[in-house]
>>> print(open('target.cif').read())   # mmCIF, C-alpha atoms and all ligand atoms
data_coords
loop_
_atom_site.label_atom_id
_atom_site.label_comp_id
_atom_site.auth_asym_id
_atom_site.auth_seq_id
_atom_site.Cartn_x
_atom_site.Cartn_y
_atom_site.Cartn_z
CA MET Z 1072 -18.65 27.82 -11.54
CA SER Z 1073 -17.97 28.11 -7.81
CA ASP Z 1074 -16.66 31.45 -6.61
CA THR Z 1075 -13.80 29.87 -4.64
CA ALA Z 1076 -12.17 27.90 -7.49
CA GLN Z 1077 -8.95 29.40 -8.82
CA PHE Z 1078 -7.16 28.13 -11.88
CA THR Z 1079 -3.66 27.95 -13.27
CA PRO Z 1080 -2.52 26.80 -16.75
CA LEU Z 1081 -2.05 23.02 -17.07
CA GLU Z 1082 1.45 21.72 -17.73
CA PHE Z 1083 0.95 18.68 -19.96
CA PRO Z 1084 3.77 17.67 -22.30
CA ARG Z 1085 2.02 16.05 -25.28
CA LEU Z 1086 4.07 13.04 -26.41
CA GLU Z 1087 4.54 11.74 -29.93
CA PRO Z 1088 2.30 8.67 -30.53
CA GLU Z 1089 5.34 6.37 -31.00
CA GLU Z 1090 6.75 7.57 -27.73
CA GLN Z 1091 3.41 6.90 -26.00
CA ILE Z 1092 3.28 3.32 -27.27
CA ALA Z 1093 6.90 2.68 -26.35
CA ARG Z 1094 6.42 4.04 -22.83
CA SER Z 1095 3.21 2.11 -22.26
CA ARG Z 1096 4.88 -1.16 -23.27
CA VAL Z 1097 7.93 -0.58 -21.08
CA PHE Z 1098 5.78 0.36 -18.08
CA CYS Z 1099 3.46 -2.61 -18.52
CA GLU Z 1100 6.42 -5.02 -18.77
CA GLU Z 1101 7.97 -3.51 -15.68
CA MET Z 1102 4.79 -3.67 -13.61
CA LYS Z 1103 4.03 -7.24 -14.70
CA HIS Z 1104 7.24 -8.30 -12.95
CA ARG Z 1105 6.06 -6.96 -9.59
CA ARG Z 1106 5.50 -9.74 -7.08
CA THR Z 1107 4.33 -9.67 -3.52
CA VAL Z 1108 7.31 -10.81 -1.43
CA ARG Z 1109 7.05 -12.45 2.00
CA SER Z 1110 10.69 -13.24 2.63
CA PHE Z 1111 12.97 -10.21 3.08
CA SER Z 1112 16.72 -9.66 3.28
CA ARG Z 1113 17.96 -7.48 6.13
CA ASP Z 1114 20.06 -5.44 3.67
CA PRO Z 1115 19.57 -1.70 4.27
CA VAL Z 1116 17.63 0.49 1.83
CA PRO Z 1117 18.54 4.13 1.12
CA PHE Z 1118 16.01 6.27 2.96
CA GLU Z 1119 15.62 8.58 -0.03
CA LEU Z 1120 13.99 5.72 -1.98
CA ILE Z 1121 11.28 5.50 0.69
CA GLU Z 1122 10.87 9.26 0.87
CA ASN Z 1123 10.54 9.67 -2.89
CA ALA Z 1124 7.98 6.84 -3.06
CA ILE Z 1125 5.93 8.55 -0.34
CA LYS Z 1126 6.12 11.82 -2.30
CA THR Z 1127 4.76 9.93 -5.32
CA ALA Z 1128 1.94 8.38 -3.27
CA ALA Z 1129 1.10 11.73 -1.69
CA SER Z 1130 0.61 13.18 -5.20
CA ALA Z 1131 -2.38 10.85 -5.75
CA PRO Z 1132 -5.81 12.26 -6.53
CA SER Z 1133 -8.18 12.25 -3.54
CA GLY Z 1134 -11.79 13.16 -2.79
CA ALA Z 1135 -12.07 16.98 -2.64
CA ASN Z 1136 -8.23 16.95 -2.62
CA GLN Z 1137 -8.43 16.26 1.12
CA GLN Z 1138 -5.41 13.91 1.04
CA PRO Z 1139 -6.82 11.75 3.85
CA TRP Z 1140 -3.61 9.82 4.53
CA THR Z 1141 -0.58 9.57 6.77
CA PHE Z 1142 2.42 7.38 5.88
CA VAL Z 1143 4.36 6.23 8.95
CA ILE Z 1144 7.86 4.94 8.21
CA VAL Z 1145 9.19 2.48 10.78
CA GLY Z 1146 12.91 1.69 10.65
CA SER Z 1147 13.36 1.25 14.41
CA ALA Z 1148 14.19 -2.38 15.30
CA ASP Z 1149 12.36 -2.04 18.61
CA ILE Z 1150 9.13 -0.75 17.05
CA LYS Z 1151 9.30 -3.36 14.27
CA ARG Z 1152 9.56 -6.04 17.00
CA GLN Z 1153 6.51 -4.63 18.80
CA ILE Z 1154 4.54 -4.57 15.54
CA ARG Z 1155 5.56 -8.13 14.71
CA GLU Z 1156 4.55 -9.44 18.14
CA ALA Z 1157 1.15 -7.70 18.05
CA ALA Z 1158 0.49 -8.67 14.41
CA GLU Z 1159 1.40 -12.32 15.03
CA ALA Z 1160 -0.96 -12.41 18.03
CA GLU Z 1161 -3.83 -11.20 15.79
CA GLU Z 1162 -2.86 -13.50 12.92
CA ARG Z 1163 -2.70 -16.56 15.22
CA GLU Z 1164 -6.28 -15.79 16.22
CA ASN Z 1165 -7.25 -15.13 12.58
CA TYR Z 1166 -5.95 -18.46 11.31
CA ALA Z 1167 -7.22 -20.44 14.34
CA ASN Z 1168 -10.65 -18.89 14.90
CA ARG Z 1169 -11.63 -15.88 12.78
CA MET Z 1170 -11.09 -16.95 9.18
CA THR Z 1171 -13.82 -19.18 7.74
CA PRO Z 1172 -12.88 -22.49 6.04
CA GLU Z 1173 -13.83 -20.79 2.76
CA TRP Z 1174 -11.40 -17.92 3.46
CA LEU Z 1175 -8.60 -20.30 4.49
CA GLY Z 1176 -9.22 -22.16 1.23
CA ALA Z 1177 -9.01 -18.93 -0.79
CA VAL Z 1178 -5.58 -17.99 0.63
CA ALA Z 1179 -4.20 -21.57 0.70
CA PRO Z 1180 -2.46 -21.13 -2.71
CA LEU Z 1181 -0.42 -18.28 -1.18
CA GLY Z 1182 1.06 -20.56 1.48
CA THR Z 1183 0.69 -18.00 4.29
CA ASP Z 1184 0.34 -18.67 8.03
CA TRP Z 1185 0.52 -16.59 11.23
CA HIS Z 1186 4.33 -16.29 11.25
CA LYS Z 1187 5.35 -12.79 10.14
CA PRO Z 1188 9.18 -12.60 10.33
CA HIS Z 1189 9.17 -10.09 7.45
CA LEU Z 1190 7.84 -7.48 9.92
CA GLN Z 1191 11.30 -7.53 11.53
CA ASP Z 1192 13.49 -8.53 8.58
CA ALA Z 1193 12.40 -5.80 6.16
CA PRO Z 1194 14.46 -2.65 6.80
CA TYR Z 1195 11.36 -0.45 6.67
CA LEU Z 1196 7.66 -0.85 7.34
CA ILE Z 1197 5.40 1.75 5.79
CA VAL Z 1198 2.19 1.85 7.82
CA VAL Z 1199 -0.50 3.73 5.91
CA PHE Z 1200 -3.24 5.41 7.93
CA MET Z 1201 -6.54 6.66 6.54
CA GLN Z 1202 -8.28 9.73 7.97
CA PRO Z 1203 -12.08 9.23 7.67
CA TYR Z 1204 -12.29 12.80 8.96
CA GLY Z 1205 -9.87 15.66 9.53
CA LEU Z 1206 -9.42 17.52 12.81
CA ARG Z 1207 -9.32 21.30 12.92
CA GLU Z 1208 -7.10 23.02 15.49
CA ASP Z 1209 -10.20 23.70 17.65
CA GLY Z 1210 -11.07 19.98 17.62
CA GLU Z 1211 -13.92 20.35 15.08
CA LYS Z 1212 -14.27 17.34 12.73
CA ILE Z 1213 -14.09 17.85 8.95
CA LYS Z 1214 -15.73 15.08 6.91
CA HIS Z 1215 -13.43 13.48 4.33
CA TYR Z 1216 -15.07 12.30 1.12
CA TYR Z 1217 -14.15 8.96 -0.49
CA ALA Z 1218 -11.32 8.43 2.01
CA THR Z 1219 -11.18 4.65 1.43
CA GLU Z 1220 -10.95 5.01 -2.34
CA SER Z 1221 -8.43 7.85 -2.08
CA VAL Z 1222 -6.07 5.90 0.17
CA GLY Z 1223 -6.43 2.83 -2.08
CA ILE Z 1224 -5.31 4.90 -5.07
CA ALA Z 1225 -2.35 6.35 -3.10
CA VAL Z 1226 -1.27 2.87 -1.96
CA GLY Z 1227 -1.39 1.63 -5.57
CA MET Z 1228 0.87 4.47 -6.62
CA LEU Z 1229 3.15 3.76 -3.64
CA LEU Z 1230 3.53 0.09 -4.60
CA ALA Z 1231 4.28 1.08 -8.21
CA ALA Z 1232 6.86 3.68 -7.11
CA LEU Z 1233 8.64 1.23 -4.80
CA HIS Z 1234 8.70 -1.45 -7.50
CA HIS Z 1235 10.00 1.07 -10.03
CA CYS Z 1236 13.07 1.82 -7.90
CA GLY Z 1237 13.90 -1.85 -7.41
CA LEU Z 1238 12.31 -2.56 -4.03
CA ALA Z 1239 10.07 -5.43 -3.01
CA THR Z 1240 6.87 -5.00 -1.00
CA LEU Z 1241 4.17 -6.92 0.79
CA THR Z 1242 0.63 -5.61 1.23
CA HIS Z 1243 -0.29 -6.84 4.72
CA THR Z 1244 -3.48 -6.22 6.75
CA PRO Z 1245 -3.06 -7.98 10.13
CA ASN Z 1246 -6.67 -7.27 11.15
CA PRO Z 1247 -7.84 -5.97 13.55
CA MET Z 1248 -5.14 -3.30 13.25
CA SER Z 1249 -5.92 -0.96 16.17
CA PHE Z 1250 -2.63 -2.09 17.79
CA LEU Z 1251 -0.87 -0.01 15.12
CA SER Z 1252 -2.56 3.19 16.30
CA GLU Z 1253 -1.37 2.45 19.83
CA ILE Z 1254 2.20 1.47 19.03
CA LEU Z 1255 2.60 4.36 16.57
CA LYS Z 1256 0.68 6.86 18.75
CA ARG Z 1257 -1.68 8.00 16.00
CA PRO Z 1258 -4.48 10.50 16.65
CA GLN Z 1259 -8.13 9.42 16.98
CA ASN Z 1260 -9.03 10.42 13.42
CA GLU Z 1261 -6.60 7.92 11.85
CA ARG Z 1262 -7.27 4.23 11.10
CA ALA Z 1263 -4.55 1.80 10.04
CA TYR Z 1264 -5.17 0.87 6.40
CA VAL Z 1265 -2.25 -1.40 5.45
CA VAL Z 1266 1.27 -2.35 6.59
CA ILE Z 1267 3.85 -2.49 3.79
CA PRO Z 1268 7.19 -4.14 4.57
CA VAL Z 1269 9.74 -2.77 2.08
CA GLY Z 1270 13.21 -4.01 1.20
CA TYR Z 1271 15.10 -6.50 -0.92
CA PRO Z 1272 13.93 -10.10 -1.24
CA ALA Z 1273 15.90 -12.70 0.73
CA PRO Z 1274 18.36 -14.45 -1.65
CA ASP Z 1275 16.33 -17.68 -1.37
CA ALA Z 1276 12.92 -15.96 -1.59
CA GLN Z 1277 10.19 -17.95 -3.28
CA VAL Z 1278 6.82 -16.76 -4.52
CA PRO Z 1279 3.65 -18.77 -5.07
CA ASN Z 1280 3.04 -20.02 -8.57
CA ILE Z 1281 -0.07 -17.95 -9.22
CA LYS Z 1282 -1.20 -16.17 -12.38
CA LYS Z 1283 -3.10 -13.00 -13.24
CA LYS Z 1284 -6.35 -13.34 -15.18
CA PRO Z 1285 -6.03 -12.92 -18.96
CA LEU Z 1286 -7.08 -9.55 -20.38
CA GLU Z 1287 -10.28 -11.01 -21.93
CA GLN Z 1288 -11.51 -11.86 -18.44
CA VAL Z 1289 -10.87 -8.47 -16.91
CA MET Z 1290 -11.54 -6.01 -19.77
CA VAL Z 1291 -14.89 -5.39 -21.47
CA THR Z 1292 -15.11 -3.03 -24.45
CA PHE Z 1293 -17.84 -1.10 -26.26
CA LEU Z 1294 -16.05 0.44 -29.25
CA ASP Z 1295 -17.04 1.94 -32.58
CA PRO Z 1296 -15.63 -0.04 -35.54
N1 LIG W 1301 -4.03 -11.65 7.02
C1 LIG W 1301 -3.55 -13.02 6.92
C2 LIG W 1301 -4.36 -13.86 5.98
C3 LIG W 1301 -4.37 -13.43 4.56
C4 LIG W 1301 -5.53 -12.91 4.01
C5 LIG W 1301 -5.57 -12.56 2.70
I1 LIG W 1301 -7.31 -11.86 1.90
C6 LIG W 1301 -4.43 -12.70 1.88
O1 LIG W 1301 -4.49 -12.33 0.55
C7 LIG W 1301 -3.28 -13.24 2.43
C8 LIG W 1301 -3.28 -13.61 3.77
C9 LIG W 1301 -2.07 -13.04 6.59
O2 LIG W 1301 -1.51 -12.00 6.24
O3 LIG W 1301 -1.45 -14.10 6.68
#
>>> encode(input="target.cif", output="structure tokens")
Amino acid sequence: MSDTAQFTPLEFPRLEPEEQIARSRVFCEEMKHRRTVRSFSRDPVPFELIENAIKTAASAPSGANQQPWTFVIVGSADIKRQIREAAEAEERENYANRMTPEWLGAVAPLGTDWHKPHLQDAPYLIVVFMQPYGLREDGEKIKHYYATESVGIAVGMLLAALHHCGLATLTHTPNPMSFLSEILKRPQNERAYVVIPVGYPAPDAQVPNIKKKPLEQVMVTFLDP
């Protein structure tokens, strides 16, 4: 055992088996109704919903507990406009020249194109930044372990938390995303990871008719009889 580790008793309320099954069914049903939304209402969202979802995301496990993330909340109309303009410029280039025919074919069922009005319509954008390394006060770099995986886990928890409180989200990566570091004035050790517009769906919002794979295709078991 390392000589720096310190321990505290675990708080773990052990549930009755019936309660576990009931909760797992309710949660699964709830999460199955989550859809990626690309058409947002301009209706305002209580800021506490965003803050609590970020607190949930920030409780995620991370490599060496280094918490290699920053969540930037953008509610300013002017900054949302700047982000939309820069993202649309990249996406125009993506659709016209950077995405291969194979890639365009893969996303065709989603019906997307370079127009990104949701970046202005959604009341909030959550821009998640990953820190591949930390910076000490004296400028020394501290390596972060499994930063990509850690931020992916936190973003998953963030999407679940936002869905749970009745908000719609879009997971958007308008690559290359260095414009986000500039607009949002992030330090050199942070890389934009994803932009998440958050809000209510527009009343006439539509979603593509796509399905998740059945369990048999995604789950493999090795069990004792
Ligand atoms: N970034 C583009 C294209 C795009 C790529 C993937 I992979 C998607 O799942 C959806 C879209 C866009 O946001 O339109």
>>> residues_around(input="target.cif", residues="range 1268-1270 of chain Z", least_positions_apart="5", cutoff="9 Å", atoms="all atoms listed in the file", output="PDB file with C-alpha atoms, in the frame of the given file")
ATOM      1  CA  VAL Z1108       7.310 -10.810  -1.430  1.00  0.00           C
ATOM      2  CA  ARG Z1109       7.050 -12.450   2.000  1.00  0.00           C
ATOM      3  CA  PHE Z1111      12.970 -10.210   3.080  1.00  0.00           C
ATOM      4  CA  SER Z1112      16.720  -9.660   3.280  1.00  0.00           C
ATOM      5  CA  ARG Z1113      17.960  -7.480   6.130  1.00  0.00           C
ATOM      6  CA  ASP Z1114      20.060  -5.440   3.670  1.00  0.00           C
ATOM      7  CA  PRO Z1115      19.570  -1.700   4.270  1.00  0.00           C
ATOM      8  CA  VAL Z1116      17.630   0.490   1.830  1.00  0.00           C
ATOM      9  CA  ILE Z1121      11.280   5.500   0.690  1.00  0.00           C
ATOM     10  CA  HIS Z1189       9.170 -10.090   7.450  1.00  0.00           C
ATOM     11  CA  LEU Z1190       7.840  -7.480   9.920  1.00  0.00           C
ATOM     12  CA  GLN Z1191      11.300  -7.530  11.530  1.00  0.00           C
ATOM     13  CA  ASP Z1192      13.490  -8.530   8.580  1.00  0.00           C
ATOM     14  CA  ALA Z1193      12.400  -5.800   6.160  1.00  0.00           C
ATOM     15  CA  PRO Z1194      14.460  -2.650   6.800  1.00  0.00           C
ATOM     16  CA  TYR Z1195      11.360  -0.450   6.670  1.00  0.00           C
ATOM     17  CA  LEU Z1196       7.660  -0.850   7.340  1.00  0.00           C
ATOM     18  CA  ILE Z1197       5.400   1.750   5.790  1.00  0.00           C
ATOM     19  CA  VAL Z1198       2.190   1.850   7.820  1.00  0.00           C
ATOM     20  CA  LEU Z1233       8.640   1.230  -4.800  1.00  0.00           C
ATOM     21  CA  GLY Z1237      13.900  -1.850  -7.410  1.00  0.00           C
ATOM     22  CA  LEU Z1238      12.310  -2.560  -4.030  1.00  0.00           C
ATOM     23  CA  ALA Z1239      10.070  -5.430  -3.010  1.00  0.00           C
ATOM     24  CA  THR Z1240       6.870  -5.000  -1.000  1.00  0.00           C
ATOM     25  CA  LEU Z1241       4.170  -6.920   0.790  1.00  0.00           C
ATOM     26  CA  THR Z1242       0.630  -5.610   1.230  1.00  0.00           C
ATOM     27  CA  HIS Z1243      -0.290  -6.840   4.720  1.00  0.00           C
TER      28      HIS Z1243
END
>>> closest_residue(input="target.cif", among="Z:Ala1231, Z:Val1178, Z:Glu1161, Z:Pro1139", to="Ala1218 in chain Z", atoms="all atoms listed in the file")
Z:Pro1139
>>> residues_near_ligand(input="target.cif", ligand="ligand LIG 1301 (chain W)", cutoff="8 Å", atoms="only C-alpha atoms and all ligand atoms", output="list in words")
Glu1162, Asn1165, Tyr1166, Trp1174, Leu1175, Ala1177, Val1178, Leu1181, Thr1183, Asp1184, Trp1185, His1186, Lys1187, His1243, Thr1244, Pro1245 and Asn1246 of chain Z
>>> residues_around(input="target.cif", residues="Lys1256 in chain Z", least_positions_apart="6", cutoff="12 Å", atoms="all atoms listed in the file", output="list of chain:residue names")
Z:Val1143, Z:Ile1150, Z:Phe1200, Z:Ser1249, Z:Phe1250, Z:Arg1262, Z:Ala1263
>>> write_last_selection(input="target.cif", atoms="C-alpha atoms", output="compact mmCIF listing (two decimals), keeping the file's coordinate frame")
# COMPACT_ATOMS: atom_id res chain seq x y z
CA VAL Z 1143 4.36 6.23 8.95
CA ILE Z 1150 9.13 -0.75 17.05
CA PHE Z 1200 -3.24 5.41 7.93
CA SER Z 1249 -5.92 -0.96 16.17
CA PHE Z 1250 -2.63 -2.09 17.79
CA ARG Z 1262 -7.27 4.23 11.10
CA ALA Z 1263 -4.55 1.80 10.04
>>> atom_distance(input="target.cif", atom1="CA of Trp1140 in chain Z", atom2="CA of Met1201 in chain Z")
4.8 Å
>>> atom_distance(input="target.cif", atom1="CA of Ile1267 in chain Z", atom2="CA of Ile1144 in chain Z")
9.5 Å
>>> atom_distance(input="target.cif", atom1="CA of Lys1282 in chain Z", atom2="CA of Thr1219 in chain Z")
26.9 Å
>>> closest_residue(input="target.cif", among="Z:His1234, Z:Arg1085, Z:Arg1094, Z:Arg1106", to="Gln1277 in chain Z", atoms="only C-alpha atoms")
Z:Arg1106
>>> residues_around(input="target.cif", residues="Pro1132 in chain Z", least_positions_apart="5", cutoff="9 Å", atoms="all atoms listed in the file", output="PyMOL selection string")
chain Z and resi 1138+1221+1224-1225
>>> closest_residue(input="target.cif", among="Z:Pro1188, Z:Met1290, Z:Val1278, Z:Glu1253", to="Glu1156 in chain Z", atoms="all atoms listed in the file")
Z:Pro1188
>>> closest_residue(input="target.cif", among="Z:Met1228, Z:Ala1167, Z:Ala1131, Z:Ala1148", to="Met1102 in chain Z", atoms="only C-alpha atoms")
Z:Met1228
>>> closest_residue(input="target.cif", among="Z:Asn1123, Z:Ser1110, Z:Ile1254, Z:Gln1259", to="Tyr1271 in chain Z", atoms="all atoms listed in the file")
Z:Ser1110
>>> residues_around(input="target.cif", residues="range 1203-1215 of chain Z", least_positions_apart="6", cutoff="8 Å", atoms="only C-alpha atoms", output="compact mmCIF listing (two decimals) with C-alpha atoms, keeping the file's coordinate frame")
# COMPACT_ATOMS: atom_id res chain seq x y z
CA GLY Z 1134 -11.79 13.16 -2.79
CA ALA Z 1135 -12.07 16.98 -2.64
CA GLN Z 1137 -8.43 16.26 1.12
CA PRO Z 1139 -6.82 11.75 3.85
CA ASN Z 1260 -9.03 10.42 13.42
CA GLU Z 1261 -6.60 7.92 11.85
CA ARG Z 1262 -7.27 4.23 11.10
>>> closest_residue(input="target.cif", among="Z:Ala1160, Z:Leu1086, Z:Cys1099, Z:Leu1294", to="Met1248 in chain Z", atoms="only C-alpha atoms")
Z:Ala1160
>>> axis_aligned_box(input="target.cif", around="range 1202-1210 of chain Z", padding_each_side="3 Å", output="AutoDock Vina command-line options")
--center_x -9.7 --center_y 16.5 --center_z 12.7 --size_x 11.2 --size_y 20.5 --size_z 16.0
